[in-house]
$ cat start_26.cif   # mmCIF, C-alpha atoms
data_input
loop_
_atom_site.label_atom_id
_atom_site.label_comp_id
_atom_site.auth_asym_id
_atom_site.auth_seq_id
_atom_site.Cartn_x
_atom_site.Cartn_y
_atom_site.Cartn_z
CA MET A 1 -4.93 1.53 12.92
CA THR A 2 -2.66 4.46 13.84
CA PHE A 3 -2.48 7.44 11.52
CA PRO A 4 0.84 9.02 12.44
CA ILE A 5 0.46 12.33 10.59
CA ALA A 6 -2.69 13.44 12.46
CA GLY A 7 -1.62 11.40 15.52
CA VAL A 8 -4.93 9.54 15.92
CA ASN A 9 -6.04 5.93 16.23
CA ILE A 10 -9.11 5.08 14.11
CA ALA A 11 -10.59 1.76 12.94
CA PRO A 12 -10.30 1.56 9.12
CA THR A 13 -13.79 0.00 8.95
CA TYR A 14 -15.20 3.19 10.51
CA LEU A 15 -13.46 5.31 7.87
CA ILE A 16 -14.65 3.03 5.06
CA ALA A 17 -18.24 3.16 6.36
CA VAL A 18 -18.14 6.97 6.58
CA GLY A 19 -16.58 7.08 3.11
CA PHE A 20 -19.28 4.80 1.68
CA ALA A 21 -22.09 6.92 3.18
CA VAL A 22 -20.69 10.19 1.87
CA GLY A 23 -19.93 8.48 -1.46
CA VAL A 24 -23.60 7.57 -1.94
CA LEU A 25 -24.66 11.11 -0.95
CA GLY A 26 -22.05 12.62 -3.28
CA GLY A 27 -23.17 10.59 -6.26
CA PHE A 28 -26.86 11.16 -5.59
CA PHE A 29 -26.98 14.80 -4.44
CA GLY A 30 -23.81 16.16 -6.05
CA VAL A 31 -22.36 17.23 -2.72
CA GLY A 32 -18.99 16.38 -1.21
CA GLY A 33 -20.61 15.06 1.96
CA SER A 34 -18.42 17.12 4.30
CA PHE A 35 -21.47 17.96 6.44
CA LEU A 36 -21.34 14.31 7.52
CA ALA A 37 -17.67 13.41 7.01
CA GLY A 38 -16.41 16.49 8.89
CA PRO A 39 -18.38 15.83 12.11
CA ALA A 40 -17.70 12.06 11.77
CA LEU A 41 -13.92 12.64 11.71
CA PHE A 42 -14.09 15.20 14.52
CA ALA A 43 -16.10 12.74 16.62
CA VAL A 44 -13.24 10.17 16.62
CA GLY A 45 -10.60 12.66 17.70
CA VAL A 46 -9.19 14.10 14.45
CA PRO A 47 -8.13 17.73 15.15
CA MET A 48 -10.33 20.29 13.39
CA ASN A 49 -7.62 21.65 11.06
CA PHE A 50 -6.94 18.05 9.90
CA VAL A 51 -10.70 17.44 9.55
CA VAL A 52 -10.94 20.34 7.08
CA GLY A 53 -7.84 19.45 5.01
CA THR A 54 -8.24 15.65 5.04
CA ASP A 55 -11.90 15.83 4.09
CA LEU A 56 -10.98 17.95 1.05
CA ALA A 57 -8.37 15.37 -0.02
CA HIS A 58 -10.74 12.37 0.15
CA ILE A 59 -13.36 14.37 -1.76
CA VAL A 60 -10.99 14.82 -4.74
CA GLY A 61 -10.76 11.09 -5.37
CA LYS A 62 -14.44 10.48 -4.77
CA SER A 63 -15.71 13.36 -6.90
CA ILE A 64 -13.59 12.30 -9.88
CA VAL A 65 -15.46 8.99 -9.90
CA ALA A 66 -18.92 10.57 -9.50
CA ALA A 67 -18.21 13.43 -11.96
CA ARG A 68 -17.12 10.98 -14.67
CA LYS A 69 -20.31 9.00 -14.11
CA HIS A 70 -22.44 12.16 -14.36
CA ARG A 71 -20.59 13.21 -17.53
CA THR A 72 -21.62 10.00 -19.22
CA LEU A 73 -25.22 10.75 -18.14
CA GLY A 74 -24.97 14.25 -19.73
CA ASN A 75 -25.45 16.03 -16.39
CA ILE A 76 -22.45 18.41 -16.53
CA ASP A 77 -22.53 21.97 -17.93
CA ILE A 78 -18.81 22.27 -18.76
CA LYS A 79 -19.12 25.95 -19.78
CA LEU A 80 -20.67 26.91 -16.44
CA GLY A 81 -18.10 24.83 -14.55
CA ALA A 82 -15.18 26.43 -16.43
CA ILE A 83 -16.38 29.98 -15.61
CA MET A 84 -16.85 29.08 -11.96
CA VAL A 85 -13.27 27.80 -11.55
CA VAL A 86 -11.92 31.39 -11.28
CA GLY A 87 -14.25 32.42 -8.44
CA THR A 88 -13.95 29.04 -6.72
CA ILE A 89 -10.14 29.08 -6.48
CA GLY A 90 -10.15 32.67 -5.12
CA GLY A 91 -12.75 31.68 -2.54
CA VAL A 92 -10.92 28.50 -1.46
CA GLU A 93 -7.69 30.42 -0.86
CA CYS A 94 -9.50 33.08 1.23
CA GLY A 95 -11.21 30.35 3.30
CA ALA A 96 -7.92 28.45 3.82
CA GLN A 97 -6.13 31.66 4.89
CA PHE A 98 -8.93 32.34 7.38
CA ILE A 99 -8.46 28.83 8.88
CA GLN A 100 -4.72 29.49 9.09
CA TRP A 101 -5.35 32.71 11.01
CA LEU A 102 -7.79 30.93 13.36
CA LYS A 103 -5.19 28.18 13.94
CA HIS A 104 -2.79 30.82 15.27
CA THR A 105 -5.47 32.23 17.59
CA ALA A 106 -6.16 28.65 18.87
CA ARG A 107 -9.93 29.13 18.42
CA VAL A 108 -10.37 27.09 15.26
CA ASP A 109 -12.76 24.48 16.79
CA TRP A 110 -15.03 27.06 18.38
CA VAL A 111 -15.35 29.18 15.25
CA VAL A 112 -15.60 26.46 12.59
CA GLY A 113 -17.94 24.21 14.64
CA PRO A 114 -20.73 26.73 15.39
CA THR A 115 -20.44 28.27 11.88
CA PHE A 116 -20.91 24.77 10.44
CA ILE A 117 -24.04 24.26 12.57
CA VAL A 118 -25.58 27.64 11.64
CA VAL A 119 -24.94 27.10 7.91
CA LEU A 120 -26.35 23.55 7.95
CA LEU A 121 -29.47 24.51 9.89
CA GLY A 122 -30.03 27.46 7.56
CA ILE A 123 -29.77 25.26 4.45
CA ALA A 124 -32.08 22.57 5.85
CA GLY A 125 -34.66 25.20 6.89
CA PHE A 126 -34.55 26.98 3.56
CA MET A 127 -34.81 23.79 1.50
CA THR A 128 -37.72 22.51 3.62
CA TRP A 129 -39.61 25.76 3.07
CA GLU A 130 -38.86 25.72 -0.67
CA SER A 131 -39.85 22.07 -1.13
CA VAL A 132 -43.13 22.52 0.74
CA SER A 133 -43.92 25.67 -1.30
CA THR A 134 -43.11 23.85 -4.56
CA LEU A 135 -45.20 20.84 -3.54
CA ARG A 136 -48.20 23.07 -2.75
CA LYS A 137 -47.78 24.92 -6.05
CA GLN A 138 -47.57 21.63 -7.96
CA ARG A 139 -50.72 20.33 -6.24
CA ARG A 140 -52.62 23.51 -7.18
CA GLU A 141 -51.43 23.20 -10.82
CA HIS A 142 -52.21 19.48 -10.84
CA THR A 143 -55.78 20.13 -9.66
CA ARG A 144 -56.20 22.96 -12.21
CA ASP A 145 -54.79 20.80 -15.06
CA LEU A 146 -57.17 17.97 -14.17
CA ALA A 147 -60.10 20.43 -14.07
CA ASP A 148 -59.07 21.75 -17.52
CA GLY A 149 -58.79 18.18 -18.83
CA GLU A 150 -54.99 18.52 -19.44
CA HIS A 151 -52.31 15.98 -18.52
CA PRO A 152 -50.37 17.20 -15.45
CA SER A 153 -46.64 17.89 -16.05
CA ARG A 154 -43.85 16.12 -14.11
CA GLY A 155 -41.01 18.62 -14.78
CA ASP A 156 -38.29 20.03 -12.48
CA HIS A 157 -40.27 22.93 -10.96
CA SER A 158 -39.33 25.29 -8.12
CA ALA A 159 -41.62 27.71 -6.26
CA LEU A 160 -38.66 30.10 -6.13
CA ALA A 161 -38.10 30.32 -9.89
CA PHE A 162 -38.80 34.09 -9.66
CA ILE A 163 -35.44 34.51 -7.83
CA SER A 164 -33.42 32.94 -10.64
CA ARG A 165 -35.43 34.94 -13.21
CA ALA A 166 -34.43 38.14 -11.33
CA VAL A 167 -30.77 37.00 -11.32
CA HIS A 168 -30.96 36.36 -15.09
CA ARG A 169 -32.18 39.95 -15.56
CA ILE A 170 -29.16 41.53 -13.72
CA SER A 171 -27.66 43.99 -16.22
CA LEU A 172 -23.95 43.76 -15.50
CA PRO A 173 -21.88 42.79 -18.57
CA PRO A 174 -20.29 40.55 -19.76
CA TYR A 175 -23.08 38.02 -20.30
CA VAL A 176 -22.95 34.38 -21.23
CA SER A 177 -25.48 31.84 -22.50
CA LEU A 178 -25.64 28.36 -21.00
CA PRO A 179 -27.55 26.17 -23.49
CA VAL A 180 -26.92 22.93 -21.56
CA SER A 181 -28.67 24.46 -18.52
CA GLY A 182 -31.35 26.13 -20.67
CA ILE A 183 -30.27 29.71 -19.79
CA ALA A 184 -30.36 32.21 -22.66
CA SER A 185 -28.33 34.95 -20.94
CA ILE A 186 -26.81 35.56 -17.48
CA SER A 187 -24.22 37.97 -16.09
CA VAL A 188 -20.81 36.33 -15.62
CA TRP A 189 -20.53 38.23 -12.32
CA ALA A 190 -23.53 36.39 -10.86
CA ILE A 191 -21.78 33.07 -11.62
CA LEU A 192 -18.47 34.31 -10.18
CA VAL A 193 -20.09 35.49 -6.91
CA VAL A 194 -21.77 32.09 -6.42
CA ALA A 195 -18.43 30.39 -7.20
CA PHE A 196 -16.50 32.60 -4.75
CA VAL A 197 -18.97 32.00 -1.90
CA GLY A 198 -18.89 28.23 -2.51
CA GLY A 199 -15.09 28.29 -2.68
CA PHE A 200 -14.79 30.26 0.56
CA PHE A 201 -16.94 27.77 2.46
CA SER A 202 -14.95 24.92 0.90
CA GLY A 203 -11.65 26.37 2.17
CA PHE A 204 -13.12 27.43 5.52
CA LEU A 205 -15.38 24.51 6.52
CA GLY A 206 -13.76 21.80 4.39
CA GLY A 207 -15.32 19.56 1.77
CA GLY A 208 -16.53 20.72 -1.57
CA ALA A 209 -19.20 23.10 -0.16
CA GLY A 210 -21.86 21.46 -2.31
CA TYR A 211 -24.33 22.17 0.54
CA ILE A 212 -23.93 25.88 -0.38
CA ARG A 213 -23.32 25.59 -4.13
CA MET A 214 -26.18 23.18 -4.89
CA PRO A 215 -28.95 25.48 -3.51
CA CYS A 216 -27.23 28.48 -5.17
CA PHE A 217 -27.17 26.67 -8.53
CA ILE A 218 -30.86 25.77 -8.33
CA TYR A 219 -32.42 28.81 -6.66
CA LEU A 220 -30.10 31.70 -7.68
CA LEU A 221 -28.82 30.64 -11.11
CA GLY A 222 -31.88 28.56 -12.10
CA ILE A 223 -29.92 25.44 -13.15
CA PRO A 224 -32.07 22.27 -13.51
CA THR A 225 -31.48 19.93 -10.53
CA HIS A 226 -29.83 17.08 -12.49
CA ILE A 227 -27.41 19.49 -14.24
CA ALA A 228 -26.77 21.21 -10.87
CA VAL A 229 -25.79 17.86 -9.33
CA GLY A 230 -23.34 16.98 -12.13
CA THR A 231 -21.84 20.47 -12.52
CA ASP A 232 -21.45 20.81 -8.77
CA LEU A 233 -19.41 17.61 -8.70
CA PHE A 234 -17.22 18.92 -11.54
CA GLU A 235 -16.69 22.12 -9.52
CA ILE A 236 -15.94 20.15 -6.37
CA VAL A 237 -13.09 18.32 -8.16
CA ILE A 238 -11.49 21.71 -8.94
CA SER A 239 -12.06 23.37 -5.54
CA ALA A 240 -11.14 20.28 -3.51
CA SER A 241 -7.94 19.69 -5.54
CA TYR A 242 -6.83 23.25 -4.95
CA GLY A 243 -7.91 23.04 -1.29
CA THR A 244 -5.94 19.79 -0.82
CA VAL A 245 -2.72 21.36 -2.08
CA THR A 246 -3.07 24.60 -0.10
CA HIS A 247 -4.05 22.77 3.12
CA ALA A 248 -1.30 20.14 2.65
CA LEU A 249 1.27 22.95 2.38
CA LYS A 250 -0.07 24.30 5.69
CA GLY A 251 0.18 20.83 7.31
CA ASN A 252 -3.57 20.20 7.58
CA VAL A 253 -3.90 16.98 5.51
CA ASP A 254 -3.48 13.37 6.68
CA ILE A 255 -3.51 11.71 3.28
CA LEU A 256 -3.58 8.19 4.78
CA ILE A 257 -6.96 8.86 6.40
CA ALA A 258 -8.19 10.29 3.09
CA LEU A 259 -6.99 7.24 1.13
CA VAL A 260 -8.78 4.81 3.47
CA MET A 261 -12.02 6.85 3.44
CA HIS A 262 -11.90 7.04 -0.32
CA THR A 263 -11.93 3.26 -0.81
CA GLY A 264 -15.45 3.25 0.66
CA ALA A 265 -16.47 6.43 -1.11
CA ALA A 266 -15.50 5.17 -4.58
CA ILE A 267 -18.04 2.36 -4.52
CA GLY A 268 -20.71 4.49 -2.82
CA ALA A 269 -20.38 7.24 -5.44
CA GLN A 270 -21.18 4.78 -8.24
CA LEU A 271 -24.34 3.67 -6.48
CA GLY A 272 -25.46 7.25 -5.76
CA ALA A 273 -24.92 8.47 -9.33
CA THR A 274 -26.86 5.48 -10.72
CA LEU A 275 -29.80 6.17 -8.38
CA THR A 276 -30.29 9.77 -9.70
CA GLN A 277 -31.81 8.29 -12.89
CA TYR A 278 -34.83 7.06 -10.94
CA PHE A 279 -35.85 10.28 -9.14
CA VAL A 280 -37.25 13.66 -10.26
CA GLY A 281 -35.65 16.97 -9.12
CA LEU A 282 -38.08 17.78 -6.28
CA ARG A 283 -37.70 14.31 -4.75
CA ILE A 284 -33.90 14.62 -4.82
CA ARG A 285 -34.15 18.02 -3.08
CA MET A 286 -36.59 16.73 -0.44
CA ALA A 287 -34.41 13.70 0.31
CA PHE A 288 -31.47 16.09 0.80
CA ILE A 289 -33.15 17.96 3.70
CA PRO A 290 -32.39 15.59 6.64
CA LEU A 291 -28.69 15.37 5.76
CA PRO A 292 -27.54 18.84 6.89
CA LEU A 293 -29.56 18.29 10.08
CA ILE A 294 -27.67 15.04 10.82
CA GLY A 295 -24.35 16.83 10.24
CA ALA A 296 -25.39 19.71 12.52
CA GLY A 297 -26.47 17.23 15.22
CA LEU A 298 -23.13 15.37 15.06
CA MET A 299 -21.13 18.58 15.27
CA LEU A 300 -23.24 19.94 18.14
CA HIS A 301 -22.81 16.67 20.04
CA SER A 302 -19.02 16.76 19.60
CA LEU A 303 -18.81 20.38 20.77
CA LEU A 304 -21.13 19.93 23.76
CA THR A 305 -19.51 16.71 25.00
CA GLY A 306 -16.18 18.55 25.09
CA HIS A 307 -14.33 16.42 22.58
CA PRO A 308 -10.61 17.17 23.04
CA ALA A 309 -9.29 19.63 20.47
CA LYS A 310 -5.66 18.68 19.81
CA MET B 1 -38.94 1.57 -11.38
CA LYS B 2 -38.56 -0.94 -8.54
CA HIS B 3 -37.59 -3.62 -11.06
CA GLN B 4 -34.97 -1.30 -12.59
CA ILE B 5 -33.49 -0.47 -9.16
CA ARG B 6 -33.41 -4.17 -8.29
CA ARG B 7 -31.60 -4.89 -11.56
CA SER B 8 -29.01 -2.20 -10.79
CA LEU B 9 -28.52 -3.25 -7.19
CA LYS B 10 -28.00 -6.98 -7.76
CA PRO B 11 -24.71 -6.73 -9.70
CA PHE B 12 -23.72 -3.88 -7.43
CA LEU B 13 -23.89 -6.10 -4.35
CA PHE B 14 -21.75 -8.74 -6.07
CA GLU B 15 -19.33 -6.00 -7.02
CA LEU B 16 -19.23 -4.87 -3.40
CA VAL B 17 -18.09 -8.28 -2.15
CA VAL B 18 -15.25 -8.60 -4.70
CA TYR B 19 -14.30 -5.00 -4.07
CA ALA B 20 -14.09 -5.54 -0.28
CA VAL B 21 -11.59 -8.39 -0.78
CA LEU B 22 -9.44 -6.27 -3.09
CA VAL B 23 -9.53 -3.29 -0.71
CA ALA B 24 -8.49 -5.47 2.26
CA ALA B 25 -5.45 -6.64 0.26
CA TYR B 26 -4.74 -3.04 -0.66
CA TYR B 27 -4.53 -2.03 3.02
CA GLY B 28 -2.17 -4.84 3.83
CA PHE B 29 0.28 -4.21 1.04
CA VAL B 30 0.16 -0.49 0.26
CA LEU B 31 -0.90 1.55 3.30
CA HIS B 32 1.33 -0.43 5.69
CA PHE B 33 4.40 0.55 3.66
CA LEU B 34 3.24 4.08 2.84
CA GLY B 35 2.62 5.23 6.44
CA ASN B 36 6.14 5.85 7.71
CA SER B 37 7.58 7.24 4.47
CA LEU B 38 4.66 9.69 4.08
CA GLN B 39 5.09 10.87 7.67
CA HIS B 40 8.79 11.48 6.95
CA VAL B 41 7.97 13.53 3.85
CA TYR B 42 5.26 15.43 5.80
CA GLN B 43 7.80 16.46 8.43
CA HIS B 44 10.66 17.36 6.09
CA ASP B 45 9.31 18.55 2.72
CA ARG B 46 5.80 20.02 2.78
CA ARG B 47 5.78 20.85 -0.97
CA LEU B 48 6.61 17.30 -1.93
CA TYR B 49 4.00 16.09 0.56
CA ALA B 50 1.32 18.34 -1.01
CA ALA B 51 2.18 17.05 -4.50
CA LEU B 52 2.21 13.43 -3.28
CA ALA B 53 -1.10 13.89 -1.44
CA LEU B 54 -2.88 15.16 -4.55
CA GLY B 55 -1.17 12.60 -6.81
CA LEU B 56 -2.06 9.68 -4.54
CA ILE B 57 -5.73 10.58 -4.11
CA VAL B 58 -6.22 11.37 -7.83
CA GLY B 59 -4.36 8.18 -8.78
CA GLN B 60 -6.45 6.12 -6.38
CA GLY B 61 -9.60 7.85 -7.70
CA PHE B 62 -8.89 6.77 -11.27
CA LEU B 63 -7.64 3.34 -10.24
CA LEU B 64 -10.75 2.54 -8.20
CA GLU B 65 -13.05 3.95 -10.88
CA VAL B 66 -11.48 1.66 -13.48
CA LEU B 67 -11.66 -1.24 -11.03
CA THR B 68 -15.35 -0.72 -10.16
CA ARG B 69 -16.24 -0.21 -13.84
CA LEU B 70 -14.42 -3.40 -14.87
CA LEU B 71 -16.06 -5.34 -12.04
CA LEU B 72 -19.47 -4.04 -13.09
CA ALA B 73 -18.83 -4.83 -16.78
CA PHE B 74 -17.64 -8.30 -15.84
CA MET B 75 -20.66 -9.04 -13.65
CA MET B 76 -23.51 -7.41 -15.61
CA PRO B 77 -23.61 -9.94 -18.51
CA ARG B 78 -23.47 -12.86 -16.05
CA MET B 79 -26.34 -11.44 -14.02
CA GLU B 80 -28.44 -10.84 -17.16
CA GLU B 81 -27.81 -14.40 -18.42
CA ARG B 82 -29.55 -15.80 -15.29
#

$ encode --input "start_26.cif" --output "C-alpha cells"
Amino acid sequence: MTFPIAGVNIAPTYLIAVGFAVGVLGGFFGVGGSFLAGPALFAVGVPMNFVVGTDLAHIVGKSIVAARKHRTLGNIDIKLGAIMVVGTIGGVECGAQFIQWLKHTARVDWVVGPTFIVVLLGIAGFMTWESVSTLRKQRREHTRDLADGEHPSRGDHSALAFISRAVHRISLPPYVSLPVSGIASISVWAILVVAFVGGFFSGFLGGGAGYIRMPCFIYLLGIPTHIAVGTDLFEIVISASYGTVTHALKGNVDILIALVMHTGAAIGAQLGATLTQYFVGLRIRMAFIPLPLIGAGLMLHSLLTGHPAK
Amino acid sequence: MKHQIRRSLKPFLFELVVYAVLVAAYYGFVLHFLGNSLQHVYQHDRRLYAALALGLIVGQGFLLEVLTRLLLAFMMPRMEER
C-alpha cells in the first residue's frame, strides 16, 4: 500500500502488527511505545521527521482507548495529570522546534537516532539496577519477617524510595497534595519539571515519552506503579495531541500511516490494560526492561545498515 | 491467576477475529477514498490538514473503543454460558 504523504510503500499488515505490539505495551506499561514504533517505522523507509510526527498521531488514538480503560480501573490521578499539562505542552513545543531546526541542518537522522539509543540504554540500565536492588531488599525483608513470625508484605516497594522522599521535602512553594497517589505534600515545581522534560522528549524523539515519564513518576515523584501507568497514559493523550497538531503544521505527519497503525493498537491496548490487574508493580517494572533495549537495537541496526534518509 | 487470564483471553481472541474482518472492510472503503483527498489538503492547507489529522485519529480512537467494548460485551455472556 502506498502512503502518498510520506512517499513510502508499506504493507498494512506490518503497520497493524507494529500497532498491536505497541498497543499491548501501552496498555500494560502506560507508555506510548515509540521506542518500538519509531525504529519500526524508520526500518521500512519512513523519513525520520515523519517517524516522529506520525508516531505521535497514532499514539493519540491508542492512548485514548487505554486511558479510558485505566480510568475505569481507578488508575488515573486527574489532579496530577492536570498540573502536568502546563509543563508538558511547553516541553513538546520546545522539542518540536528543535526537530524543525535539525530538519533545516539536514542532520535530523544522525541526531535523533543516537540520542534515542543513549536514552533507551540509560533507562534500561537504570531500571535493571533498581529492580535488582528492590528484589534484594524485598528478599532481606521477607527473610526477616519470616524470622519474626510476621506475614511478608506484597506491596509496591522500590529500593529508591529515598529519592522520592527527598523530592517531597523540596521547599519551593506552592505545594499540592495528591491523595489518589498517597502524597501528602509536594512542590508544584517538581511536577512541572518532570512534565517539561517528558514533553521535550515527546516533541523531540516522538511518541508520548512514557519511557522517560514513567520512571520519573515512580522514582522521582514516588507515584505507585499502577497510578503511574494510568496517569502517564492520560498525560500522553495531552502531549501527543498537541504534538500531532504542531508536527502536522510543520508537515511531519502522515495521518494515513497513523490510522492504519492505530487499528492494531486499539485492540492491543485493551489487552494490555486488562493484563495489569494480574501483576504487582515490581513485576511490571521488570517486564519493562527488555523493551527499551529492543528499541535501541532496532534503531542502531537501521543507522548502521545505512537506511536511506529521505 | 492463570484461570482468570484464560477467562479474559478467550473472549478476547473471538473479539480479535471479528475485529479483523471489520478492519479489513474499513481499509477497503475508507482509506482508499481518503488517501488522495488528504494528500491534496496536506499540500495546499496545512492548518486544515492538522485539524483533520487530529480529528480523524481521535474519532477513530473513540469509534474503535466503542466497537471493541461492544464486541466484548456481546461475546462475554456467550462465553460464560458455555

$ interface_residues --input "start_26.cif" --of "chain B" --to "chain A" --cutoff "8 Å" --atoms "all atoms listed in the file" --output "mmCIF file with C-alpha atoms, keeping the file's coordinate frame"
data_model
loop_
_atom_site.group_PDB
_atom_site.id
_atom_site.type_symbol
_atom_site.label_atom_id
_atom_site.label_comp_id
_atom_site.auth_asym_id
_atom_site.auth_seq_id
_atom_site.Cartn_x
_atom_site.Cartn_y
_atom_site.Cartn_z
ATOM 1 C CA MET B 1 -38.940 1.570 -11.380
ATOM 2 C CA ILE B 5 -33.490 -0.470 -9.160
ATOM 3 C CA SER B 8 -29.010 -2.200 -10.790
ATOM 4 C CA PHE B 12 -23.720 -3.880 -7.430
ATOM 5 C CA LEU B 16 -19.230 -4.870 -3.400
ATOM 6 C CA VAL B 23 -9.530 -3.290 -0.710
ATOM 7 C CA LEU B 31 -0.900 1.550 3.300
ATOM 8 C CA GLY B 35 2.620 5.230 6.440
ATOM 9 C CA ASN B 36 6.140 5.850 7.710
ATOM 10 C CA GLN B 39 5.090 10.870 7.670
ATOM 11 C CA TYR B 42 5.260 15.430 5.800
ATOM 12 C CA ARG B 46 5.800 20.020 2.780
ATOM 13 C CA ARG B 47 5.780 20.850 -0.970
ATOM 14 C CA TYR B 49 4.000 16.090 0.560
ATOM 15 C CA ALA B 50 1.320 18.340 -1.010
ATOM 16 C CA ALA B 51 2.180 17.050 -4.500
ATOM 17 C CA ALA B 53 -1.100 13.890 -1.440
ATOM 18 C CA LEU B 54 -2.880 15.160 -4.550
ATOM 19 C CA LEU B 56 -2.060 9.680 -4.540
ATOM 20 C CA ILE B 57 -5.730 10.580 -4.110
ATOM 21 C CA VAL B 58 -6.220 11.370 -7.830
ATOM 22 C CA GLY B 59 -4.360 8.180 -8.780
ATOM 23 C CA GLN B 60 -6.450 6.120 -6.380
ATOM 24 C CA GLY B 61 -9.600 7.850 -7.700
ATOM 25 C CA PHE B 62 -8.890 6.770 -11.270
ATOM 26 C CA LEU B 64 -10.750 2.540 -8.200
ATOM 27 C CA GLU B 65 -13.050 3.950 -10.880
ATOM 28 C CA THR B 68 -15.350 -0.720 -10.160
#

$ resolve_selection --input "start_26.cif" --expression "the PyMOL selection byres ((chain A and resi 111-123) around 7)" --output "list of chain:residue names"
A:Arg107, A:Val108, A:Asp109, A:Trp110, A:Ala124, A:Gly125, A:Phe126, A:Met127, A:Leu205, A:Pro292, A:Leu293, A:Ala296, A:Met299

$ atom_distance --input "start_26.cif" --atom1 "CA of Leu36 (chain A)" --atom2 "CA of Gly19 (chain A)"
9.7 Å

$ resolve_selection --input "start_26.cif" --expression "the PyMOL selection byres ((chain A and resi 81) around 12)" --output "VMD selection string"
chain A and resid 67 75 to 80 82 to 88 178 180 to 181 188 191 to 192 194 to 195 213 217 223 227 to 239

$ axis_aligned_box --input "start_26.cif" --around "region 34-43 of chain B" --padding-each-side "6 Å" --output "JSON"
{"center_x": 5.7, "center_y": 10.3, "center_z": 5.6, "size_x": 18.2, "size_y": 24.4, "size_z": 17.6}

$ residues_around --input "start_26.cif" --residues "Ala40 (chain A)" --least-positions-apart "2" --cutoff "10 Å" --atoms "only C-alpha atoms" --output "list of chain:residue names"
A:Tyr14, A:Leu15, A:Val18, A:Ser34, A:Phe35, A:Leu36, A:Ala37, A:Gly38, A:Phe42, A:Ala43, A:Val44, A:Gly45, A:Val46, A:Val51, A:Gly295, A:Leu298, A:Met299, A:Ser302

$ closest_residue --input "start_26.cif" --among "A:Met261, A:Leu41, A:Val197, A:Ile183" --to "Cys94 (chain A)" --atoms "only C-alpha atoms"
A:Val197
